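> One file: entry-v8.csv (CSV, C-alpha atoms).
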chain,number,residue,atom,x,y,z
A,187,MET,CA,101.7,99.8,173.8
A,188,ASN,CA,99.7,102.9,174.3
A,189,TYR,CA,95.9,103.0,174.8
A,190,GLU,CA,95.1,103.5,171.1
A,191,GLU,CA,97.4,100.7,170.0
A,192,ARG,CA,95.9,98.4,172.6
A,193,GLU,CA,92.4,99.1,171.3
A,194,ILE,CA,93.4,98.3,167.8
A,195,MET,CA,95.1,95.1,168.9
A,196,ASP,CA,92.1,94.0,170.9
A,197,GLU,CA,89.9,94.6,167.8
A,198,ILE,CA,92.2,92.5,165.6
A,199,MET,CA,92.3,89.7,168.2
A,200,THR,CA,88.5,89.7,168.4
A,201,ILE,CA,88.3,89.3,164.6
A,202,ILE,CA,90.8,86.5,164.7
A,203,LYS,CA,88.8,84.7,167.4
A,204,GLU,CA,85.4,85.3,165.7
A,205,HIS,CA,86.7,83.9,162.4
A,206,ASP,CA,88.8,81.1,163.8
A,207,LEU,CA,92.0,82.5,162.3
A,208,TYR,CA,94.4,81.3,165.0
A,209,GLY,CA,97.4,79.8,163.2
A,210,LYS,CA,96.6,81.7,160.0
A,211,VAL,CA,97.5,85.2,161.1
A,212,SER,CA,100.9,85.9,162.5
A,213,MET,CA,102.0,88.8,164.7
A,214,PHE,CA,105.3,88.8,166.6
A,215,PRO,CA,108.1,91.2,167.4
A,216,ILE,CA,111.0,91.5,165.0
A,217,ASN,CA,114.4,92.6,166.4
A,218,GLY,CA,116.4,93.6,163.3
A,219,GLN,CA,116.8,93.0,159.6
A,220,ARG,CA,118.2,89.5,160.1
A,221,GLN,CA,115.2,88.3,162.0
A,222,LEU,CA,112.9,89.9,159.5
A,223,ALA,CA,114.7,88.2,156.5
A,224,SER,CA,114.6,84.9,158.3
A,225,ALA,CA,110.9,85.3,159.0
A,226,TYR,CA,110.2,86.1,155.4
A,227,ARG,CA,112.1,83.0,154.2
A,228,VAL,CA,110.2,80.8,156.7
A,229,PHE,CA,106.9,82.2,155.5
A,230,SER,CA,107.9,81.7,151.9
A,231,LYS,CA,108.6,78.1,152.5
A,232,ARG,CA,105.1,77.8,154.1
A,233,LYS,CA,103.6,79.3,151.0
A,234,SER,CA,102.5,82.5,152.8
A,235,ILE,CA,101.6,85.8,151.2
A,236,PHE,CA,102.9,89.3,152.1
A,237,CYS,CA,100.0,91.8,152.3
A,238,LEU,CA,100.4,95.5,152.7
A,239,THR,CA,97.0,97.3,152.5
A,240,ALA,CA,98.0,100.8,153.7
A,241,LEU,CA,95.9,103.6,152.4
A,242,TYR,CA,99.0,105.1,150.9
A,243,GLU,CA,102.6,103.8,150.8
A,244,PRO,CA,105.2,106.3,149.4
A,245,PHE,CA,107.8,103.7,148.4
A,246,GLY,CA,107.3,100.3,149.9
A,247,LEU,CA,110.6,98.8,151.0
A,248,ALA,CA,108.9,96.0,153.0
A,249,PRO,CA,107.2,94.5,149.8
A,250,ILE,CA,110.6,94.6,148.0
A,251,GLU,CA,112.2,92.7,150.9
A,252,ALA,CA,109.4,90.2,151.0
A,253,MET,CA,109.5,89.7,147.2
A,254,TYR,CA,113.2,89.0,147.4
A,255,ALA,CA,112.6,86.4,150.1
A,256,GLY,CA,110.2,84.6,147.8
A,257,LEU,CA,106.9,85.9,149.2
A,258,PRO,CA,104.2,86.9,146.6
A,259,VAL,CA,102.9,90.3,147.5
A,260,VAL,CA,99.4,91.8,147.7
A,261,VAL,CA,99.9,95.6,148.0
A,262,THR,CA,98.0,98.8,148.0
A,263,LYS,CA,97.4,100.4,144.6
A,264,ASN,CA,98.0,103.8,146.2
A,265,GLY,CA,101.6,105.1,146.0
A,266,GLY,CA,105.0,103.7,145.3
A,267,THR,CA,103.9,100.0,145.5
A,268,PHE,CA,102.1,100.5,142.2
A,269,GLU,CA,105.5,101.0,140.6
A,270,THR,CA,107.2,98.3,142.7
A,271,VAL,CA,104.9,95.6,141.2
A,272,GLU,CA,104.8,97.5,137.8
A,273,GLY,CA,101.0,98.0,137.8
A,274,GLY,CA,100.3,94.4,138.8
A,275,LYS,CA,102.9,92.5,136.6
A,276,TYR,CA,105.0,91.4,139.6
A,277,GLY,CA,102.5,91.3,142.4
A,278,VAL,CA,98.8,91.9,143.1
A,279,LEU,CA,97.4,95.4,143.5
A,280,VAL,CA,94.3,96.0,145.6
A,281,ASP,CA,92.1,98.8,146.8
A,282,PRO,CA,92.9,99.1,150.5
A,283,GLU,CA,89.4,100.3,151.3
A,284,ASP,CA,87.7,97.4,149.6
A,285,ALA,CA,87.7,94.1,151.7
A,286,GLU,CA,86.4,92.1,148.7
A,287,ASP,CA,89.2,93.4,146.5
A,288,ILE,CA,91.7,92.5,149.2
A,289,ALA,CA,90.2,89.0,149.4
A,290,ARG,CA,90.4,88.7,145.6
A,291,GLY,CA,94.0,89.7,145.6
A,292,LEU,CA,94.9,87.3,148.4
A,293,ASN,CA,93.2,84.4,146.5
A,294,LEU,CA,94.9,85.4,143.2
A,295,ALA,CA,98.3,85.4,144.9
A,296,LEU,CA,97.7,82.0,146.6
A,297,ASP,CA,96.3,80.5,143.4
A,298,ASN,CA,99.4,81.7,141.5
A,299,PHE,CA,102.0,81.4,144.3
A,300,GLU,CA,104.9,80.0,142.3
A,301,LEU,CA,104.4,82.5,139.4
A,302,TYR,CA,104.3,85.6,141.7
A,303,ARG,CA,107.2,84.2,143.8
A,304,GLU,CA,109.4,83.9,140.7
A,305,LEU,CA,108.3,87.2,139.2
A,306,GLY,CA,108.9,89.0,142.5
A,307,ILE,CA,112.4,87.7,142.9
A,308,LYS,CA,113.1,88.6,139.2
A,309,ARG,CA,111.8,92.1,139.7
A,310,VAL,CA,113.9,92.8,142.8
A,311,GLU,CA,117.1,91.4,141.1
A,312,GLU,CA,116.5,93.5,138.0
A,313,LYS,CA,115.5,96.8,139.7
A,314,TYR,CA,116.2,97.0,143.4
A,315,THR,CA,119.6,95.5,144.2
A,316,TRP,CA,122.7,97.6,144.7
A,317,GLU,CA,124.1,96.1,141.5
A,318,ALA,CA,121.0,97.0,139.5
A,319,THR,CA,121.0,100.6,140.9
A,320,ALA,CA,124.7,101.0,140.1
A,321,LYS,CA,124.1,99.7,136.5
A,322,GLY,CA,121.2,102.2,136.1
A,323,TYR,CA,123.5,105.1,137.3
A,324,LEU,CA,126.2,104.0,134.8
A,325,GLU,CA,123.7,104.0,131.9
A,326,VAL,CA,122.6,107.5,132.8
A,327,LEU,CA,126.2,108.8,133.1
A,328,GLU,CA,127.1,107.1,129.8
A,329,LEU,CA,124.2,108.8,128.0
A,330,ALA,CA,125.1,112.2,129.6
A,331,LEU,CA,128.7,111.9,128.4
A,332,ILE,CA,127.6,111.0,124.9
A,333,LYS,CA,125.3,114.0,124.7
A,334,ARG,CA,128.0,116.2,126.1
A,335,GLU,CA,130.5,115.0,123.5
A,336,LYS,CA,127.9,115.7,120.7
A,337,ILE,CA,127.3,119.2,122.0
A,338,TYR,CA,131.0,119.9,122.3
A,339,LYS,CA,131.7,118.6,118.7
A,340,ALA,CA,128.9,120.8,117.4
A,341,PHE,CA,130.4,123.8,119.1
A,342,LEU,CA,133.9,123.1,117.8
A,343,THR,CA,132.8,122.4,114.2
A,344,GLY,CA,131.1,125.8,114.0
A,345,SER,CA,127.5,124.8,114.0
A,346,GLU,CA,125.3,127.2,112.0
A,347,ASP,CA,122.8,127.3,114.8
A,348,HIS,CA,123.9,130.4,116.8
A,349,THR,CA,121.2,129.7,119.4
A,350,LEU,CA,122.8,126.3,120.0
A,351,LYS,CA,126.2,128.0,120.3
A,352,GLU,CA,124.9,130.4,123.0
A,353,LYS,CA,123.2,127.6,124.9
A,354,ILE,CA,126.5,125.6,124.9
A,355,LYS,CA,128.5,128.5,126.1
A,356,ASN,CA,126.1,129.1,128.9
A,357,MET,CA,126.3,125.4,129.9
A,358,LEU,CA,130.1,125.4,130.1
I need this file expressed as structure tokens, please.

Amino acid sequence: MNYEEREIMDEIMTIIKEHDLYGKVSMFPINGQRQLASAYRVFSKRKSIFCLTALYEPFGLAPIEAMYAGLPVVVTKNGGTFETVEGGKYGVLVDPEDAEDIARGLNLALDNFELYRELGIKRVEEKYTWEATAKGYLEVLELALIKREKIYKAFLTGSEDHTLKEKIKNML
């Protein structure tokens, strides 16, 4: 740990001590995806909450993994996590710069643990698994093929729209 990291950790440890949070806040090294998945499952059984309050999170793979393990999520409203929880439908969105909003979000997730647990798993299964991704690609490809076939038929039947004919010729 470098000097800056040590300073941050010291500040966190001071807060934990001042507010008697020993046993309520967990920090430990994770060596690989299997250990992470195991930790998420243990925390889910203990009715814990996954909280990601970054100022901005471009995609948010960690909340997706946590949701799939059964952890309700409280995440930043800034960035990709907004879409991950679909605006708050599948998890709780918070303002990362507002401690009261984060506290509200944590309480909401704890008070509705089973609901957010079930919704989170459902969201991941419907949108973020390899199977769901492949299904989405197939749907897009099927639509593209249908459109292509319609355009090709219009071209073959001598469509009156000469502009359309030129566009089709340029596409082929």
> Using all atoms listed in the file, determine which residues lie at most 12 Å from A:Arg303, disregarding the query and same-chain residues fewer than 2 positions distant; provide the list as a ChimeraX atom specification.
/A:227,229-231,233-236,249-250,252-260,271,275-278,295-301,305-310
> A:Ala240, A:Leu327, A:Ala248, A:Ile337: which is nearest A:Asp284, counting all atoms listed in the file?
A:Ala240
> What gap, in Å, lies between atom CA of A:Glu312 and atom CA of A:Val280?
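Rounded to one decimal, the two atoms are 23.6 Å apart.
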> I'd like the contact shell of A:Ile202 - 8 Å cut-off, all atoms listed in the file, skipping same-chain residues fewer than 5 positions apart - returned as a ChimeraX atom specification.
/A:207-208,211
> How about saving the chosen residues, C-alpha atoms kept, as a PDB file, in the frame of the given file?

ATOM      1  CA  LEU A 207      92.000  82.500 162.300  1.00  0.00           C
ATOM      2  CA  TYR A 208      94.400  81.300 165.000  1.00  0.00           C
ATOM      3  CA  VAL A 211      97.500  85.200 161.100  1.00  0.00           C
TER       4      VAL A 211
END
> So the first atom is atom CA of A:Glu317 and the second is atom CA of A:Leu247; what is the distance between them in Å, to one decimal place?
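Distance between the two atoms: 16.7 Å.
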> May I ask for the distance between atom CA of A:Asn293 and atom CA of A:Glu193, given in Å to one decimal place?
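Atom-to-atom, atom CA of A:Asn293 and atom CA of A:Glu193 are spaced 28.8 Å apart.
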> Name the closest residue to A:Thr239 among the candidates A:Met213, A:Ala223, A:Leu331, A:Ile288; distances are taken between atoms, counting only C-alpha atoms.
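The shortest atom-to-atom distance to A:Thr239 comes from A:Ile288.
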> Excluding A:Val261 and residues on its chain fewer than 5 positions from it, collect all residues at most 6 Å away from it, counting only C-alpha atoms, and give them as a compact mmCIF listing (two decimals) with C-alpha atoms, in the frame of the given file.

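This went into around26.txt:
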# COMPACT_ATOMS: atom_id res chain seq x y z
CA CYS A 237 100.00 91.80 152.30
CA LEU A 238 100.40 95.50 152.70
CA THR A 239 97.00 97.30 152.50
CA LEU A 279 97.40 95.40 143.50
> Between A:Asp281, A:Gly291, A:Pro244, A:Tyr226, which residue has the minimum interatomic distance to A:Thr262, considering all atoms listed in the file?
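Looking at the shortest contact to A:Thr262, the residue is A:Asp281.
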> Nearest to A:Glu251 among A:Asp196, A:Glu311, A:Asp206, A:Glu269, with distances taken over only C-alpha atoms: which residue is it?
A:Glu311
> Rebuild all heavy atoms on stretch 305-316 of chain A, as a PDB file, in the coordinates of the input?

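Below you can see selection17.pdb, which holds the result:
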ATOM      1  N   LEU A 305     108.302  85.853 139.785  1.00  0.00           N
ATOM      2  CA  LEU A 305     108.300  87.200 139.200  1.00  0.00           C
ATOM      3  C   LEU A 305     108.770  88.236 140.226  1.00  0.00           C
ATOM      4  O   LEU A 305     109.466  89.187 139.853  1.00  0.00           O
ATOM      5  CB  LEU A 305     106.846  87.562 138.770  1.00  0.00           C
ATOM      6  CG  LEU A 305     106.341  86.851 137.530  1.00  0.00           C
ATOM      7  CD1 LEU A 305     104.853  87.153 137.313  1.00  0.00           C
ATOM      8  CD2 LEU A 305     107.152  87.232 136.301  1.00  0.00           C
ATOM      9  N   GLY A 306     108.429  88.066 141.486  1.00  0.00           N
ATOM     10  CA  GLY A 306     108.900  89.000 142.500  1.00  0.00           C
ATOM     11  C   GLY A 306     110.377  89.004 142.684  1.00  0.00           C
ATOM     12  O   GLY A 306     111.007  90.068 142.744  1.00  0.00           O
ATOM     13  N   ILE A 307     110.960  87.816 142.749  1.00  0.00           N
ATOM     14  CA  ILE A 307     112.400  87.700 142.900  1.00  0.00           C
ATOM     15  C   ILE A 307     113.081  88.360 141.651  1.00  0.00           C
ATOM     16  O   ILE A 307     114.041  89.129 141.779  1.00  0.00           O
ATOM     17  CB  ILE A 307     112.859  86.252 143.048  1.00  0.00           C
ATOM     18  CG1 ILE A 307     112.380  85.723 144.409  1.00  0.00           C
ATOM     19  CG2 ILE A 307     114.365  86.117 142.905  1.00  0.00           C
ATOM     20  CD1 ILE A 307     112.522  84.226 144.579  1.00  0.00           C
ATOM     21  N   LYS A 308     112.562  88.062 140.476  1.00  0.00           N
ATOM     22  CA  LYS A 308     113.100  88.600 139.200  1.00  0.00           C
ATOM     23  C   LYS A 308     113.058  90.148 139.259  1.00  0.00           C
ATOM     24  O   LYS A 308     114.029  90.823 138.921  1.00  0.00           O
ATOM     25  CB  LYS A 308     112.324  88.085 138.039  1.00  0.00           C
ATOM     26  CG  LYS A 308     112.761  88.637 136.711  1.00  0.00           C
ATOM     27  CD  LYS A 308     111.900  88.099 135.582  1.00  0.00           C
ATOM     28  CE  LYS A 308     112.291  88.769 134.287  1.00  0.00           C
ATOM     29  NZ  LYS A 308     111.410  88.428 133.188  1.00  0.00           N
ATOM     30  N   ARG A 309     111.938  90.693 139.679  1.00  0.00           N
ATOM     31  CA  ARG A 309     111.800  92.100 139.700  1.00  0.00           C
ATOM     32  C   ARG A 309     112.809  92.797 140.638  1.00  0.00           C
ATOM     33  O   ARG A 309     113.424  93.794 140.278  1.00  0.00           O
ATOM     34  CB  ARG A 309     110.353  92.490 140.206  1.00  0.00           C
ATOM     35  CG  ARG A 309     110.076  93.961 140.413  1.00  0.00           C
ATOM     36  CD  ARG A 309     110.089  94.703 139.113  1.00  0.00           C
ATOM     37  NE  ARG A 309     109.489  96.023 139.291  1.00  0.00           N
ATOM     38  CZ  ARG A 309     109.507  96.954 138.378  1.00  0.00           C
ATOM     39  NH1 ARG A 309     110.068  96.718 137.217  1.00  0.00           N
ATOM     40  NH2 ARG A 309     108.970  98.113 138.603  1.00  0.00           N
ATOM     41  N   VAL A 310     112.991  92.233 141.815  1.00  0.00           N
ATOM     42  CA  VAL A 310     113.900  92.800 142.800  1.00  0.00           C
ATOM     43  C   VAL A 310     115.364  92.714 142.198  1.00  0.00           C
ATOM     44  O   VAL A 310     116.119  93.688 142.257  1.00  0.00           O
ATOM     45  CB  VAL A 310     113.858  92.118 144.133  1.00  0.00           C
ATOM     46  CG1 VAL A 310     114.945  92.621 145.070  1.00  0.00           C
ATOM     47  CG2 VAL A 310     112.478  92.367 144.761  1.00  0.00           C
ATOM     48  N   GLU A 311     115.719  91.575 141.648  1.00  0.00           N
ATOM     49  CA  GLU A 311     117.100  91.400 141.100  1.00  0.00           C
ATOM     50  C   GLU A 311     117.339  92.381 139.946  1.00  0.00           C
ATOM     51  O   GLU A 311     118.447  92.879 139.797  1.00  0.00           O
ATOM     52  CB  GLU A 311     117.310  89.979 140.671  1.00  0.00           C
ATOM     53  CG  GLU A 311     117.452  89.039 141.850  1.00  0.00           C
ATOM     54  CD  GLU A 311     117.617  87.588 141.463  1.00  0.00           C
ATOM     55  OE1 GLU A 311     117.325  87.221 140.291  1.00  0.00           O
ATOM     56  OE2 GLU A 311     118.020  86.797 142.328  1.00  0.00           O
ATOM     57  N   GLU A 312     116.327  92.646 139.133  1.00  0.00           N
ATOM     58  CA  GLU A 312     116.500  93.500 138.000  1.00  0.00           C
ATOM     59  C   GLU A 312     116.443  95.003 138.306  1.00  0.00           C
ATOM     60  O   GLU A 312     116.993  95.816 137.583  1.00  0.00           O
ATOM     61  CB  GLU A 312     115.458  93.199 136.902  1.00  0.00           C
ATOM     62  CG  GLU A 312     115.672  91.863 136.241  1.00  0.00           C
ATOM     63  CD  GLU A 312     114.578  91.523 135.242  1.00  0.00           C
ATOM     64  OE1 GLU A 312     113.576  92.266 135.127  1.00  0.00           O
ATOM     65  OE2 GLU A 312     114.726  90.485 134.564  1.00  0.00           O
ATOM     66  N   LYS A 313     115.775  95.363 139.405  1.00  0.00           N
ATOM     67  CA  LYS A 313     115.500  96.800 139.700  1.00  0.00           C
ATOM     68  C   LYS A 313     116.015  97.302 141.014  1.00  0.00           C
ATOM     69  O   LYS A 313     116.373  98.469 141.125  1.00  0.00           O
ATOM     70  CB  LYS A 313     114.054  97.089 139.496  1.00  0.00           C
ATOM     71  CG  LYS A 313     113.750  98.568 139.581  1.00  0.00           C
ATOM     72  CD  LYS A 313     112.432  98.902 138.954  1.00  0.00           C
ATOM     73  CE  LYS A 313     112.076 100.343 139.138  1.00  0.00           C
ATOM     74  NZ  LYS A 313     112.625 101.218 138.144  1.00  0.00           N
ATOM     75  N   TYR A 314     116.019  96.490 142.042  1.00  0.00           N
ATOM     76  CA  TYR A 314     116.200  97.000 143.400  1.00  0.00           C
ATOM     77  C   TYR A 314     117.464  96.582 144.136  1.00  0.00           C
ATOM     78  O   TYR A 314     117.622  96.928 145.302  1.00  0.00           O
ATOM     79  CB  TYR A 314     114.971  96.716 144.247  1.00  0.00           C
ATOM     80  CG  TYR A 314     113.734  97.424 143.738  1.00  0.00           C
ATOM     81  CD1 TYR A 314     112.726  96.728 143.090  1.00  0.00           C
ATOM     82  CD2 TYR A 314     113.595  98.798 143.868  1.00  0.00           C
ATOM     83  CE1 TYR A 314     111.600  97.378 142.612  1.00  0.00           C
ATOM     84  CE2 TYR A 314     112.479  99.460 143.385  1.00  0.00           C
ATOM     85  CZ  TYR A 314     111.485  98.741 142.762  1.00  0.00           C
ATOM     86  OH  TYR A 314     110.376  99.378 142.285  1.00  0.00           O
ATOM     87  N   THR A 315     118.340  95.833 143.510  1.00  0.00           N
ATOM     88  CA  THR A 315     119.600  95.500 144.200  1.00  0.00           C
ATOM     89  C   THR A 315     120.585  96.624 144.006  1.00  0.00           C
ATOM     90  O   THR A 315     120.417  97.488 143.145  1.00  0.00           O
ATOM     91  CB  THR A 315     120.192  94.189 143.607  1.00  0.00           C
ATOM     92  OG1 THR A 315     120.504  94.415 142.235  1.00  0.00           O
ATOM     93  CG2 THR A 315     119.248  93.010 143.767  1.00  0.00           C
ATOM     94  N   TRP A 316     121.651  96.612 144.816  1.00  0.00           N
ATOM     95  CA  TRP A 316     122.700  97.600 144.700  1.00  0.00           C
ATOM     96  C   TRP A 316     123.329  97.528 143.283  1.00  0.00           C
ATOM     97  O   TRP A 316     123.662  98.534 142.657  1.00  0.00           O
ATOM     98  CB  TRP A 316     123.736  97.501 145.768  1.00  0.00           C
ATOM     99  CG  TRP A 316     123.246  98.052 147.065  1.00  0.00           C
ATOM    100  CD1 TRP A 316     122.991  97.346 148.199  1.00  0.00           C
ATOM    101  CD2 TRP A 316     122.918  99.411 147.370  1.00  0.00           C
ATOM    102  NE1 TRP A 316     122.530  98.183 149.188  1.00  0.00           N
ATOM    103  CE2 TRP A 316     122.478  99.464 148.696  1.00  0.00           C
ATOM    104  CE3 TRP A 316     122.947 100.596 146.635  1.00  0.00           C
ATOM    105  CZ2 TRP A 316     122.079 100.638 149.316  1.00  0.00           C
ATOM    106  CZ3 TRP A 316     122.546 101.773 147.260  1.00  0.00           C
ATOM    107  CH2 TRP A 316     122.123 101.776 148.576  1.00  0.00           C
TER     108      TRP A 316
END
